[in-house]
>>> print(open('start05.cif').read())   # mmCIF, C-alpha atoms; chains and numbers go by the auth columns
data_query
loop_
_atom_site.group_PDB
_atom_site.id
_atom_site.type_symbol
_atom_site.label_atom_id
_atom_site.label_comp_id
_atom_site.label_asym_id
_atom_site.label_seq_id
_atom_site.Cartn_x
_atom_site.Cartn_y
_atom_site.Cartn_z
_atom_site.B_iso_or_equiv
_atom_site.auth_seq_id
_atom_site.auth_asym_id
ATOM 1 C CA MET A 1 -19.587 -14.823 15.736 0.00 1125 U
ATOM 2 C CA SER A 2 -19.936 -16.822 12.517 0.00 1126 U
ATOM 3 C CA LYS A 3 -17.367 -19.376 11.445 0.00 1127 U
ATOM 4 C CA LEU A 4 -16.194 -17.074 8.619 0.00 1128 U
ATOM 5 C CA GLU A 5 -15.803 -14.105 11.012 0.00 1129 U
ATOM 6 C CA ASN A 6 -13.862 -16.353 13.381 0.00 1130 U
ATOM 7 C CA TYR A 7 -11.450 -17.281 10.568 0.00 1131 U
ATOM 8 C CA MET A 8 -11.097 -13.693 9.356 0.00 1132 U
ATOM 9 C CA ASN A 9 -10.597 -12.196 12.821 0.00 1133 U
ATOM 10 C CA GLN A 10 -8.143 -14.644 14.372 0.00 1134 U
ATOM 11 C CA ASN A 11 -4.796 -13.354 15.607 0.00 1135 U
ATOM 12 C CA ILE A 12 -2.631 -13.973 12.529 0.00 1136 U
ATOM 13 C CA PHE A 13 0.572 -14.133 14.604 0.00 1137 U
ATOM 14 C CA GLU A 14 -0.875 -16.636 17.111 0.00 1138 U
ATOM 15 C CA PRO A 15 -3.307 -18.558 14.904 0.00 1139 U
ATOM 16 C CA THR A 16 -5.682 -21.379 15.647 0.00 1140 U
ATOM 17 C CA TYR A 17 -6.281 -22.023 11.936 0.00 1141 U
ATOM 18 C CA LEU A 18 -4.183 -22.047 8.785 0.00 1142 U
ATOM 19 C CA PHE A 19 -5.562 -21.557 5.277 0.00 1143 U
ATOM 20 C CA HIS A 20 -4.758 -22.460 1.696 0.00 1144 U
ATOM 21 C CA GLY A 21 -6.440 -20.764 -1.262 0.00 1145 U
ATOM 22 C CA SER A 22 -6.958 -22.511 -4.594 0.00 1146 U
ATOM 23 C CA PRO A 23 -9.155 -22.118 -7.664 0.00 1147 U
ATOM 24 C CA PHE A 24 -9.639 -25.912 -7.606 0.00 1148 U
ATOM 25 C CA GLU A 25 -11.718 -28.286 -5.512 0.00 1149 U
ATOM 26 C CA ILE A 26 -9.427 -30.780 -3.797 0.00 1150 U
ATOM 27 C CA GLU A 27 -9.905 -33.399 -1.069 0.00 1151 U
ATOM 28 C CA GLN A 28 -6.401 -33.182 0.369 0.00 1152 U
ATOM 29 C CA LEU A 29 -3.269 -31.139 -0.195 0.00 1153 U
ATOM 30 C CA GLU A 30 0.040 -32.778 -1.028 0.00 1154 U
ATOM 31 C CA PRO A 31 3.482 -31.203 -0.922 0.00 1155 U
ATOM 32 C CA ARG A 32 4.433 -29.872 -4.351 0.00 1156 U
ATOM 33 C CA GLN A 33 7.521 -28.139 -5.660 0.00 1157 U
ATOM 34 C CA SER A 34 6.964 -24.387 -5.877 0.00 1158 U
ATOM 35 C CA PHE A 35 8.873 -21.936 -8.065 0.00 1159 U
ATOM 36 C CA ASP A 36 9.304 -18.205 -7.480 0.00 1160 U
ATOM 37 C CA GLU A 37 11.465 -16.177 -9.855 0.00 1161 U
ATOM 38 C CA LYS A 38 11.475 -13.158 -7.522 0.00 1162 U
ATOM 39 C CA ASN A 39 12.074 -14.852 -4.166 0.00 1163 U
ATOM 40 C CA LYS A 40 14.011 -18.143 -4.039 0.00 1164 U
ATOM 41 C CA GLU A 41 13.068 -18.525 -0.330 0.00 1165 U
ATOM 42 C CA ASN A 42 9.569 -19.381 -1.566 0.00 1166 U
ATOM 43 C CA GLU A 43 10.796 -22.429 -3.468 0.00 1167 U
ATOM 44 C CA ASP A 44 10.211 -25.671 -1.595 0.00 1168 U
ATOM 45 C CA ASN A 45 8.525 -29.057 -1.886 0.00 1169 U
ATOM 46 C CA ALA A 46 5.764 -28.299 0.614 0.00 1170 U
ATOM 47 C CA VAL A 47 2.159 -27.339 1.165 0.00 1171 U
ATOM 48 C CA PHE A 48 2.125 -23.567 1.650 0.00 1172 U
ATOM 49 C CA LEU A 49 -0.359 -22.229 4.190 0.00 1173 U
ATOM 50 C CA THR A 50 -1.143 -18.841 5.711 0.00 1174 U
ATOM 51 C CA SER A 51 -2.615 -17.700 9.001 0.00 1175 U
ATOM 52 C CA ASN A 52 -4.297 -14.772 7.212 0.00 1176 U
ATOM 53 C CA PHE A 53 -7.651 -15.750 5.717 0.00 1177 U
ATOM 54 C CA MET A 54 -7.568 -12.854 3.215 0.00 1178 U
ATOM 55 C CA THR A 55 -4.138 -13.882 1.900 0.00 1179 U
ATOM 56 C CA ALA A 56 -5.605 -17.325 1.170 0.00 1180 U
ATOM 57 C CA VAL A 57 -8.509 -15.644 -0.640 0.00 1181 U
ATOM 58 C CA ALA A 58 -6.007 -13.820 -2.886 0.00 1182 U
ATOM 59 C CA TYR A 59 -4.400 -17.145 -3.800 0.00 1183 U
ATOM 60 C CA ALA A 60 -7.832 -18.639 -4.533 0.00 1184 U
ATOM 61 C CA PHE A 61 -8.261 -16.046 -7.316 0.00 1185 U
ATOM 62 C CA ARG A 62 -4.676 -15.592 -8.522 0.00 1186 U
ATOM 63 C CA ASN A 63 -4.239 -18.606 -10.825 0.00 1187 U
ATOM 64 C CA LYS A 64 -7.760 -18.347 -12.215 0.00 1188 U
ATOM 65 C CA LEU A 65 -7.088 -14.722 -13.218 0.00 1189 U
ATOM 66 C CA LYS A 66 -3.819 -15.782 -14.793 0.00 1190 U
ATOM 67 C CA GLU A 67 -5.597 -18.429 -16.923 0.00 1191 U
ATOM 68 C CA ILE A 68 -8.095 -15.983 -18.470 0.00 1192 U
ATOM 69 C CA ASN A 69 -5.896 -12.917 -19.004 0.00 1193 U
ATOM 70 C CA GLU A 70 -3.197 -12.281 -21.573 0.00 1194 U
ATOM 71 C CA HIS A 71 -2.130 -9.254 -19.565 0.00 1195 U
ATOM 72 C CA TYR A 72 -1.715 -10.100 -15.901 0.00 1196 U
ATOM 73 C CA SER A 73 0.433 -9.049 -12.956 0.00 1197 U
ATOM 74 C CA PHE A 74 0.048 -9.382 -9.209 0.00 1198 U
ATOM 75 C CA SER A 75 1.740 -9.092 -5.862 0.00 1199 U
ATOM 76 C CA ILE A 76 0.475 -10.688 -2.662 0.00 1200 U
ATOM 77 C CA ASN A 77 1.821 -9.739 0.741 0.00 1201 U
ATOM 78 C CA ASN A 78 2.234 -12.224 3.596 0.00 1202 U
ATOM 79 C CA ASN A 79 2.382 -9.708 6.438 0.00 1203 U
ATOM 80 C CA GLY A 80 -1.308 -9.179 7.180 0.00 1204 U
ATOM 81 C CA LYS A 81 -1.481 -5.634 5.770 0.00 1205 U
ATOM 82 C CA LEU A 82 -3.979 -4.268 3.238 0.00 1206 U
ATOM 83 C CA PRO A 83 -4.381 -4.432 0.359 0.00 1207 U
ATOM 84 C CA VAL A 84 -3.690 -8.140 0.439 0.00 1208 U
ATOM 85 C CA MET A 85 -3.191 -8.319 -3.328 0.00 1209 U
ATOM 86 C CA ILE A 86 -2.400 -5.635 -5.892 0.00 1210 U
ATOM 87 C CA PHE A 87 -3.146 -6.814 -9.393 0.00 1211 U
ATOM 88 C CA ASP A 88 -3.547 -5.678 -12.964 0.00 1212 U
ATOM 89 C CA VAL A 89 -5.814 -7.658 -15.298 0.00 1213 U
ATOM 90 C CA ASN A 90 -7.965 -6.795 -18.295 0.00 1214 U
ATOM 91 C CA ASN A 91 -10.678 -9.398 -17.771 0.00 1215 U
ATOM 92 C CA LEU A 92 -12.315 -9.798 -14.355 0.00 1216 U
ATOM 93 C CA PRO A 93 -15.281 -12.201 -14.525 0.00 1217 U
ATOM 94 C CA GLU A 94 -18.401 -11.175 -12.618 0.00 1218 U
ATOM 95 C CA ASP A 95 -18.597 -14.623 -10.966 0.00 1219 U
ATOM 96 C CA LEU A 96 -14.884 -15.101 -10.115 0.00 1220 U
ATOM 97 C CA PHE A 97 -14.622 -17.662 -7.295 0.00 1221 U
ATOM 98 C CA GLY A 98 -12.207 -19.993 -5.558 0.00 1222 U
ATOM 99 C CA TYR A 99 -11.885 -22.170 -2.482 0.00 1223 U
ATOM 100 C CA ILE A 100 -10.338 -21.717 0.947 0.00 1224 U
ATOM 101 C CA TYR A 101 -9.140 -24.842 2.707 0.00 1225 U
ATOM 102 C CA VAL A 102 -9.036 -24.592 6.494 0.00 1226 U
ATOM 103 C CA PHE A 103 -6.646 -26.544 8.731 0.00 1227 U
ATOM 104 C CA ALA A 104 -6.168 -26.627 12.492 0.00 1228 U
ATOM 105 C CA LYS A 105 -2.678 -25.321 13.259 0.00 1229 U
ATOM 106 C CA ASP A 106 -0.513 -27.999 14.833 0.00 1230 U
ATOM 107 C CA ASP A 107 3.141 -28.823 15.425 0.00 1231 U
ATOM 108 C CA SER A 108 3.597 -30.270 11.927 0.00 1232 U
ATOM 109 C CA THR A 109 3.396 -26.815 10.350 0.00 1233 U
ATOM 110 C CA ILE A 110 6.488 -24.654 10.273 0.00 1234 U
ATOM 111 C CA LYS A 111 6.318 -20.877 10.195 0.00 1235 U
ATOM 112 C CA ASP A 112 8.692 -19.185 7.756 0.00 1236 U
ATOM 113 C CA ASN A 113 11.661 -17.620 9.470 0.00 1237 U
ATOM 114 C CA HIS A 114 10.568 -13.968 9.268 0.00 1238 U
ATOM 115 C CA GLU A 115 9.179 -12.010 12.195 0.00 1239 U
ATOM 116 C CA TYR A 116 6.086 -10.581 10.491 0.00 1240 U
ATOM 117 C CA THR A 117 5.159 -13.320 8.051 0.00 1241 U
ATOM 118 C CA THR A 118 1.921 -15.265 7.969 0.00 1242 U
ATOM 119 C CA GLN A 119 3.350 -18.010 5.753 0.00 1243 U
ATOM 120 C CA TYR A 120 3.694 -21.602 6.972 0.00 1244 U
ATOM 121 C CA ARG A 121 4.811 -24.841 5.348 0.00 1245 U
ATOM 122 C CA CYS A 122 3.777 -28.430 5.825 0.00 1246 U
ATOM 123 C CA TYR A 123 5.749 -31.382 4.461 0.00 1247 U
ATOM 124 C CA HIS A 124 3.087 -34.081 4.443 0.00 1248 U
ATOM 125 C CA ILE A 125 -0.406 -34.658 3.024 0.00 1249 U
ATOM 126 C CA VAL A 126 -3.089 -32.682 4.883 0.00 1250 U
ATOM 127 C CA LYS A 127 -6.874 -32.863 4.806 0.00 1251 U
ATOM 128 C CA PRO A 128 -8.926 -29.737 5.496 0.00 1252 U
ATOM 129 C CA ILE A 129 -11.345 -29.474 8.395 0.00 1253 U
ATOM 130 C CA ASP A 130 -13.445 -27.004 6.397 0.00 1254 U
ATOM 131 C CA VAL A 131 -13.777 -25.765 2.796 0.00 1255 U
ATOM 132 C CA ILE A 132 -15.296 -22.405 1.909 0.00 1256 U
ATOM 133 C CA LYS A 133 -16.244 -21.267 -1.592 0.00 1257 U
ATOM 134 C CA VAL A 134 -15.420 -17.556 -1.921 0.00 1258 U
ATOM 135 C CA TYR A 135 -16.437 -14.998 -4.551 0.00 1259 U
ATOM 136 C CA TYR A 136 -14.265 -12.036 -5.497 0.00 1260 U
ATOM 137 C CA LYS A 137 -17.233 -9.619 -5.375 0.00 1261 U
ATOM 138 C CA ASP A 138 -17.641 -10.386 -1.633 0.00 1262 U
ATOM 139 C CA PHE A 139 -14.008 -9.531 -0.821 0.00 1263 U
ATOM 140 C CA GLU A 140 -12.909 -6.962 -3.433 0.00 1264 U
ATOM 141 C CA GLU A 141 -12.425 -4.259 -0.768 0.00 1265 U
ATOM 142 C CA TYR A 142 -9.337 -6.179 0.415 0.00 1266 U
ATOM 143 C CA PHE A 143 -7.618 -5.969 -2.980 0.00 1267 U
ATOM 144 C CA LYS A 144 -6.348 -3.171 -5.201 0.00 1268 U
ATOM 145 C CA ARG A 145 -6.822 -3.338 -8.952 0.00 1269 U
ATOM 146 C CA GLU A 146 -4.478 -1.142 -10.983 0.00 1270 U
ATOM 147 C CA ASN A 147 -4.018 0.088 -14.529 0.00 1271 U
ATOM 148 C CA ALA A 148 -6.332 -2.329 -16.346 0.00 1272 U
ATOM 149 C CA ASP A 149 -9.614 -1.518 -17.999 0.00 1273 U
ATOM 150 C CA LYS A 150 -11.916 -1.897 -15.005 0.00 1274 U
ATOM 151 C CA SER A 151 -15.033 -2.660 -17.028 0.00 1275 U
ATOM 152 C CA ARG A 152 -16.334 -6.161 -16.445 0.00 1276 U
#
>>> encode(input="start05.cif", output="structure tokens")
Amino acid sequence: MSKLENYMNQNIFEPTYLFHGSPFEIEQLEPRQSFDEKNKENEDNAVFLTSNFMTAVAYAFRNKLKEINEHYSFSINNNGKLPVMIFDVNNLPEDLFGYIYVFAKDDSTIKDNHEYTTQYRCYHIVKPIDVIKVYYKDFEEYFKRENADKSR
């Protein structure tokens, strides 16, 4: 089994690895204050991680899509179900990409207090053990695009 298959197929409720998706290349992740108008439980000064590789992939694309679209909406689930992200954008670049940062799960990460969540938090600087560049076109079957003009 390849490294990518290993990440994608791990047991998300008893993980070996945790992931963070970002449109940016970074050497280490530092706790940052998050804001969430819809869910105040998601506001914290932490590094947010997930045990679901595909959820991290959604986050790798989310902010990049937001930057290039006047019209943009999205929802990402943290329960391991498909589609991972439902979104509505007018402009979807052919070469949309992002990065997945991989971390070994350890005792310094804290799982959110919900039975079926894949979201974890870390309150200190962390360095990834692996970084994977991902392209939307390789994972689009995991997402659902709604309402927008689907021409590229």
>>> resolve_selection(input="start05.cif", expression="the PyMOL selection byres ((chain U and resi 1179) around 8)", output="PyMOL selection string")
chain U and resi 1145+1174+1176-1178+1180-1183+1200-1202+1204+1208-1209
>>> atom_distance(input="start05.cif", atom1="atom CA of Ala1228 of chain U", atom2="atom CA of Arg1186 of chain U")
23.8 Å
>>> residues_around(input="start05.cif", residues="segment 1217-1221 of chain U", least_positions_apart="2", cutoff="6 Å", atoms="all atoms listed in the file", output="list of chain:residue names")
U:Val1258, U:Tyr1259, U:Tyr1260
>>> resolve_selection(input="start05.cif", expression="the PyMOL selection byres ((chain U and resi 1248) around 7)", output="number ranges by chain")
U: 1154-1155, 1246-1247, 1249-1250
>>> resolve_selection(input="start05.cif", expression="the PyMOL selection byres ((chain U and resi 1227) around 9)", output="CSV table (one decimal) with C-alpha atoms, in the frame of the given file")
chain,number,residue,atom,x,y,z
U,1140,THR,CA,-5.7,-21.4,15.6
U,1141,TYR,CA,-6.3,-22.0,11.9
U,1142,LEU,CA,-4.2,-22.0,8.8
U,1143,PHE,CA,-5.6,-21.6,5.3
U,1144,HIS,CA,-4.8,-22.5,1.7
U,1173,LEU,CA,-0.4,-22.2,4.2
U,1225,TYR,CA,-9.1,-24.8,2.7
U,1226,VAL,CA,-9.0,-24.6,6.5
U,1228,ALA,CA,-6.2,-26.6,12.5
U,1229,LYS,CA,-2.7,-25.3,13.3
U,1230,ASP,CA,-0.5,-28.0,14.8
U,1250,VAL,CA,-3.1,-32.7,4.9
U,1251,LYS,CA,-6.9,-32.9,4.8
U,1252,PRO,CA,-8.9,-29.7,5.5
U,1253,ILE,CA,-11.3,-29.5,8.4
U,1254,ASP,CA,-13.4,-27.0,6.4
>>> atom_distance(input="start05.cif", atom1="atom CA of Phe1198 of chain U", atom2="atom CA of Phe1185 of chain U")
10.8 Å
>>> residues_around(input="start05.cif", residues="Val1213 of chain U", least_positions_apart="5", cutoff="7 Å", atoms="only C-alpha atoms", output="JSON, numbers by chain")
{"U": [1193, 1195, 1196, 1197, 1272]}
>>> atom_distance(input="start05.cif", atom1="atom CA of Asn1135 of chain U", atom2="atom CA of Gln1243 of chain U")
13.6 Å
>>> closest_residue(input="start05.cif", among="U:Val1255, U:Asn1187, U:Val1171, U:Ser1126", to="Ser1158 of chain U", atoms="all atoms listed in the file")
U:Val1171
>>> closest_residue(input="start05.cif", among="U:Asp1262, U:His1238, U:Ser1175, U:Ile1256", to="Ile1136 of chain U", atoms="only C-alpha atoms")
U:Ser1175
>>> closest_residue(input="start05.cif", among="U:Pro1147, U:Asn1214, U:Phe1172, U:Phe1159", to="Lys1188 of chain U", atoms="all atoms listed in the file")
U:Pro1147
>>> axis_aligned_box(input="start05.cif", around="segment 1204-1217 of chain U", padding_each_side="3 Å", output="JSON")
{"center_x": -8.3, "center_y": -8.2, "center_z": -5.6, "size_x": 20.0, "size_y": 13.9, "size_z": 31.5}
